[in-house]
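**Student:** Provided below: work.csv, containing CSV, C-alpha atoms and all ligand atoms.
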chain,number,residue,atom,x,y,z
L,1334,MET,CA,44.3,-38.3,3.8
L,1335,GLU,CA,46.5,-36.5,6.3
L,1336,ILE,CA,45.2,-33.2,7.5
L,1337,PHE,CA,47.3,-30.1,6.6
L,1338,LYS,CA,48.1,-28.1,9.7
L,1339,VAL,CA,49.1,-24.5,9.9
L,1340,GLY,CA,51.6,-23.2,12.5
L,1341,SER,CA,51.2,-20.3,14.8
L,1342,LEU,CA,49.2,-17.1,14.1
L,1343,TYR,CA,51.9,-14.9,12.7
L,1344,HIS,CA,50.1,-11.6,12.3
L,1345,ILE,CA,46.7,-9.9,11.9
L,1346,GLY,CA,46.6,-7.5,8.9
L,1347,VAL,CA,44.8,-4.2,9.4
L,1348,ALA,CA,44.0,-1.9,6.5
L,1349,VAL,CA,44.6,1.8,7.3
L,1350,HIS,CA,44.8,5.1,5.5
L,1351,ASN,CA,48.0,6.2,7.2
L,1352,ALA,CA,50.3,3.5,8.6
L,1353,SER,CA,52.7,6.0,10.3
L,1354,HIS,CA,49.9,7.7,12.2
L,1355,THR,CA,48.4,4.4,13.3
L,1356,ALA,CA,51.7,3.0,14.3
L,1357,GLU,CA,52.3,6.2,16.4
L,1358,LEU,CA,48.9,5.8,18.0
L,1359,TYR,CA,49.4,2.1,18.8
L,1360,GLN,CA,52.9,2.8,20.2
L,1361,ARG,CA,51.6,5.6,22.4
L,1362,THR,CA,48.4,4.0,23.6
L,1363,LEU,CA,49.1,0.2,23.6
L,1364,GLY,CA,52.9,0.2,24.1
L,1365,LEU,CA,53.5,-1.7,20.9
L,1366,LYS,CA,57.0,-1.5,19.2
L,1367,ILE,CA,57.7,-1.3,15.5
L,1368,GLU,CA,59.3,-4.6,14.4
L,1369,HIS,CA,59.4,-4.0,10.7
L,1370,ASP,CA,58.6,-1.2,8.2
L,1371,GLU,CA,58.6,-2.1,4.5
L,1372,THR,CA,57.1,-0.9,1.3
L,1373,VAL,CA,56.2,-3.8,-1.1
L,1374,LEU,CA,55.6,-2.2,-4.5
L,1375,ASP,CA,54.5,-5.5,-6.0
L,1376,GLN,CA,51.5,-5.5,-3.6
L,1377,GLY,CA,51.1,-1.7,-3.6
L,1378,VAL,CA,51.4,-1.4,0.1
L,1379,ARG,CA,53.5,-0.1,2.9
L,1380,ALA,CA,53.4,-2.4,5.9
L,1381,ILE,CA,54.4,-1.7,9.4
L,1382,MET,CA,54.5,-4.7,11.8
L,1383,LEU,CA,54.0,-4.0,15.5
L,1384,LEU,CA,54.6,-6.3,18.5
L,1385,PRO,CA,54.1,-6.0,22.2
L,1386,GLU,CA,57.4,-6.1,24.2
L,1387,SER,CA,56.5,-9.5,25.6
L,1388,SER,CA,58.0,-12.1,23.3
L,1389,GLY,CA,56.2,-14.7,21.4
L,1390,SER,CA,53.1,-12.6,20.6
L,1391,THR,CA,51.3,-12.4,17.3
L,1392,ALA,CA,52.0,-9.1,15.4
L,1393,ILE,CA,49.7,-6.5,14.0
L,1394,GLU,CA,50.5,-5.7,10.4
L,1395,LEU,CA,49.3,-2.2,9.4
L,1396,LEU,CA,48.7,-2.0,5.6
L,1397,GLU,CA,48.6,1.4,3.8
L,1398,PRO,CA,48.0,1.6,0.1
L,1399,VAL,CA,50.8,3.3,-1.8
L,1400,VAL,CA,49.2,3.0,-5.2
L,1401,PRO,CA,45.6,4.0,-6.0
L,1402,ASP,CA,44.4,0.6,-7.4
L,1403,SER,CA,46.0,-1.8,-5.0
L,1404,SER,CA,43.8,-4.4,-3.3
L,1405,ILE,CA,44.2,-2.5,0.0
L,1406,SER,CA,42.9,0.8,-1.4
L,1407,LYS,CA,39.9,-1.1,-2.9
L,1408,PHE,CA,39.3,-2.7,0.5
L,1409,LEU,CA,39.4,0.8,2.2
L,1410,ASP,CA,37.1,2.2,-0.4
L,1411,LYS,CA,34.6,-0.6,0.1
L,1412,ARG,CA,34.8,-1.3,3.9
L,1413,GLY,CA,36.9,1.5,5.5
L,1414,GLU,CA,39.7,0.9,8.0
L,1415,GLY,CA,39.8,-2.3,10.0
L,1416,MET,CA,40.8,-6.0,10.1
L,1417,HIS,CA,41.8,-7.2,6.7
L,1418,HIS,CA,43.4,-10.7,7.1
L,1419,VAL,CA,44.9,-13.2,9.4
L,1420,CYS,CA,48.2,-14.9,8.6
L,1421,TYR,CA,49.4,-18.3,9.7
L,1422,LEU,CA,53.0,-19.6,9.4
L,1423,VAL,CA,53.5,-22.8,7.5
L,1424,ASP,CA,56.5,-25.0,7.1
L,1425,ASP,CA,55.9,-25.6,3.4
L,1426,ILE,CA,53.8,-23.2,1.5
L,1427,LEU,CA,53.5,-25.4,-1.6
L,1428,ILE,CA,52.0,-28.2,0.4
L,1429,GLY,CA,49.7,-25.6,2.0
L,1430,ILE,CA,48.4,-24.3,-1.3
L,1431,LYS,CA,48.0,-27.8,-2.7
L,1432,SER,CA,46.2,-29.0,0.4
L,1433,LEU,CA,43.7,-26.1,0.5
L,1434,LYS,CA,43.0,-26.5,-3.3
L,1435,GLU,CA,42.4,-30.2,-2.7
L,1436,ASN,CA,39.8,-29.2,-0.1
L,1437,ASN,CA,38.0,-26.9,-2.6
L,1438,ILE,CA,39.3,-23.7,-1.0
L,1439,GLU,CA,39.6,-21.0,-3.7
L,1440,MET,CA,43.1,-19.6,-3.7
L,1441,ILE,CA,43.9,-16.0,-4.7
L,1442,ASP,CA,47.5,-17.1,-5.2
L,1443,HIS,CA,48.0,-20.4,-6.9
L,1444,THR,CA,51.7,-20.0,-6.6
L,1445,PRO,CA,53.6,-18.4,-3.7
L,1446,ARG,CA,54.7,-14.8,-4.0
L,1447,GLU,CA,57.2,-12.7,-2.1
L,1448,GLY,CA,55.8,-11.3,1.1
L,1449,LEU,CA,57.1,-9.0,3.8
L,1450,ASN,CA,60.1,-9.6,6.0
L,1451,ASN,CA,61.6,-12.5,4.0
L,1452,THR,CA,58.5,-14.7,3.5
L,1453,LEU,CA,56.7,-16.5,0.7
L,1454,VAL,CA,53.0,-15.9,1.0
L,1455,ALA,CA,49.7,-17.0,-0.6
L,1456,PHE,CA,46.2,-15.8,0.1
L,1457,ALA,CA,43.1,-17.9,0.2
L,1458,HIS,CA,39.8,-16.3,-0.8
L,1459,PRO,CA,37.5,-15.2,2.1
L,1460,LYS,CA,34.4,-16.6,0.3
L,1461,SER,CA,35.8,-20.1,0.8
L,1462,LEU,CA,36.6,-19.4,4.5
L,1463,ASN,CA,33.5,-17.8,6.0
L,1464,GLY,CA,34.4,-14.3,5.2
L,1465,VAL,CA,38.0,-14.3,6.5
L,1466,LEU,CA,40.9,-13.6,4.2
L,1467,ILE,CA,43.6,-16.1,5.2
L,1468,GLU,CA,47.3,-15.7,4.4
L,1469,LEU,CA,49.8,-18.5,4.6
L,1470,ALA,CA,53.4,-17.5,5.1
L,1471,GLN,CA,56.6,-19.5,5.0
L,1472,LYS,CA,59.8,-17.9,6.3
L,1473,ILE,CA,62.7,-18.1,3.9
G,1501,ZN,ZN,49.8,-10.2,6.0
Take the structure I supplied and represent it as structure tokens, if you would.
Ligand code: ZN

**Tutor:**
Amino acid sequence: MEIFKVGSLYHIGVAVHNASHTAELYQRTLGLKIEHDETVLDQGVRAIMLLPESSGSTAIELLEPVVPDSSISKFLDKRGEGMHHVCYLVDDILIGIKSLKENNIEMIDHTPREGLNNTLVAFAHPKSLNGVLIELAQKI
């Protein structure tokens, strides 16, 4: 069987209480620039993507809950602020989901859903991947 291969590391998701404050801090202290700022009501989050000025780098995705019972607010209640997930780009998210399932990886999303910044995304459960929540994203 051919091995499924992800593309580049697209972003690292970080759960925060206040994305604006964190973005301001990261701009002022790390020199990062805001690349994208979007609220996705479906996921109950506001997300701000930040990138260094040098091109080709992986982004940081700040995730702030905008509804009380979103998965991000539950994460913050349980673990506090910090690293939440890593996201890899894939050419074909349907093949990615199918391949992970065939390898007994438990998927949170069995079908792709709309992600940020014109992407389709699917999350794989951290208990199947040694404690790391992994997101697959396909640009559309
Ligand atoms: Zn993400």

**Student:** Output the neighbourhood of ligand ZN 1501 (chain G) as a ChimeraX atom specification, that is, all protein and nucleic acid residues with some atom at most 10 Å from the ligand, counting only C-alpha atoms and all ligand atoms.

**Tutor:** /L:1343-1347,1380,1382,1392-1396,1417-1421,1448-1449,1454-1456,1466-1470

**Student:** Could the residues in this selection be saved with C-alpha atoms as a PDB file, in the frame of the given file?

**Tutor:**
ATOM      1  CA  TYR L1343      51.900 -14.900  12.700  1.00  0.00           C
ATOM      2  CA  HIS L1344      50.100 -11.600  12.300  1.00  0.00           C
ATOM      3  CA  ILE L1345      46.700  -9.900  11.900  1.00  0.00           C
ATOM      4  CA  GLY L1346      46.600  -7.500   8.900  1.00  0.00           C
ATOM      5  CA  VAL L1347      44.800  -4.200   9.400  1.00  0.00           C
ATOM      6  CA  ALA L1380      53.400  -2.400   5.900  1.00  0.00           C
ATOM      7  CA  MET L1382      54.500  -4.700  11.800  1.00  0.00           C
ATOM      8  CA  ALA L1392      52.000  -9.100  15.400  1.00  0.00           C
ATOM      9  CA  ILE L1393      49.700  -6.500  14.000  1.00  0.00           C
ATOM     10  CA  GLU L1394      50.500  -5.700  10.400  1.00  0.00           C
ATOM     11  CA  LEU L1395      49.300  -2.200   9.400  1.00  0.00           C
ATOM     12  CA  LEU L1396      48.700  -2.000   5.600  1.00  0.00           C
ATOM     13  CA  HIS L1417      41.800  -7.200   6.700  1.00  0.00           C
ATOM     14  CA  HIS L1418      43.400 -10.700   7.100  1.00  0.00           C
ATOM     15  CA  VAL L1419      44.900 -13.200   9.400  1.00  0.00           C
ATOM     16  CA  CYS L1420      48.200 -14.900   8.600  1.00  0.00           C
ATOM     17  CA  TYR L1421      49.400 -18.300   9.700  1.00  0.00           C
ATOM     18  CA  GLY L1448      55.800 -11.300   1.100  1.00  0.00           C
ATOM     19  CA  LEU L1449      57.100  -9.000   3.800  1.00  0.00           C
ATOM     20  CA  VAL L1454      53.000 -15.900   1.000  1.00  0.00           C
ATOM     21  CA  ALA L1455      49.700 -17.000  -0.600  1.00  0.00           C
ATOM     22  CA  PHE L1456      46.200 -15.800   0.100  1.00  0.00           C
ATOM     23  CA  LEU L1466      40.900 -13.600   4.200  1.00  0.00           C
ATOM     24  CA  ILE L1467      43.600 -16.100   5.200  1.00  0.00           C
ATOM     25  CA  GLU L1468      47.300 -15.700   4.400  1.00  0.00           C
ATOM     26  CA  LEU L1469      49.800 -18.500   4.600  1.00  0.00           C
ATOM     27  CA  ALA L1470      53.400 -17.500   5.100  1.00  0.00           C
TER      28      ALA L1470
END

**Student:** List every protein, DNA or RNA residue that has at least one atom no more than 10 Å from (56.8, -1.7, 2.1) in the file's coordinates, counting all atoms listed in the file, and write the result as a PyMOL selection string.

**Tutor:** chain L and resi 1369-1381+1396-1399+1448-1450

**Student:** Determine the nearest neighbour of Ala1356 of chain L from the options L:Glu1368, L:Phe1408, L:Asn1451, L:Ser1461, counting all atoms listed in the file.

**Tutor:** L:Glu1368

**Student:** Enumerate, as a JSON list (two decimals) with C-alpha atoms, keeping the file's coordinate frame, the protein, DNA and RNA residues whose atoms approach (39.6, 1.0, 11.0) to within 10 Å, taking into account all atoms listed in the file and the coordinate frame of the file.

**Tutor:**
[["chain", "number", "residue", "atom", "x", "y", "z"],
["L", 1347, "VAL", "CA", 44.80, -4.20, 9.40],
["L", 1348, "ALA", "CA", 44.00, -1.90, 6.50],
["L", 1349, "VAL", "CA", 44.60, 1.80, 7.30],
["L", 1350, "HIS", "CA", 44.80, 5.10, 5.50],
["L", 1355, "THR", "CA", 48.40, 4.40, 13.30],
["L", 1409, "LEU", "CA", 39.40, 0.80, 2.20],
["L", 1412, "ARG", "CA", 34.80, -1.30, 3.90],
["L", 1413, "GLY", "CA", 36.90, 1.50, 5.50],
["L", 1414, "GLU", "CA", 39.70, 0.90, 8.00],
["L", 1415, "GLY", "CA", 39.80, -2.30, 10.00],
["L", 1416, "MET", "CA", 40.80, -6.00, 10.10],
["L", 1417, "HIS", "CA", 41.80, -7.20, 6.70]]

**Student:** What separation in Å, quoted to one decimal, exists between atom CA of Met1440 of chain L and atom CA of Leu1462 of chain L?

**Tutor:**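 Distance reported for this atom pair: 10.5 Å.
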
**Student:** Would you please work out which residue, of L:Thr1362, L:Ser1388, L:Gln1471, L:Ser1406, is nearest to Ile1428 of chain L when using all atoms listed in the file?

**Tutor:** L:Gln1471

**Student:** Could you work out how far atom CA of His1458 of chain L lies from atom CA of Glu1439 of chain L, giving the answer in Å with one decimal?

**Tutor:**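 These atoms are spaced 5.5 Å apart.
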
**Student:** Mind giving me the straight-line distance from atom CA of Pro1385 of chain L to atom CA of Pro1459 of chain L in Å, one decimal?

**Tutor:**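 Those two atoms sit 27.6 Å apart.
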
**Student:** Which one is closest to Ser1387 of chain L: L:Lys1366, L:His1354, L:Gly1340, L:Glu1447? Count all atoms listed in the file.

**Tutor:**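 That would be L:Lys1366, the residue with the smallest distance to Ser1387 of chain L.
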
**Student:** From the list L:Leu1453, L:Ile1367, L:Val1339, L:Ile1405, which residue is nearest Ser1353 of chain L when using all atoms listed in the file?

**Tutor:**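 Using all atoms listed in the file, the shortest distance to Ser1353 of chain L belongs to L:Ile1367.
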
**Student:** Of the candidates L:Lys1411, L:Ala1457, L:Ser1404, L:Leu1384, which one gets nearest to Asn1436 of chain L if we count all atoms listed in the file?

**Tutor:**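 Of the candidates, the smallest distance to Asn1436 of chain L is held by L:Ala1457.
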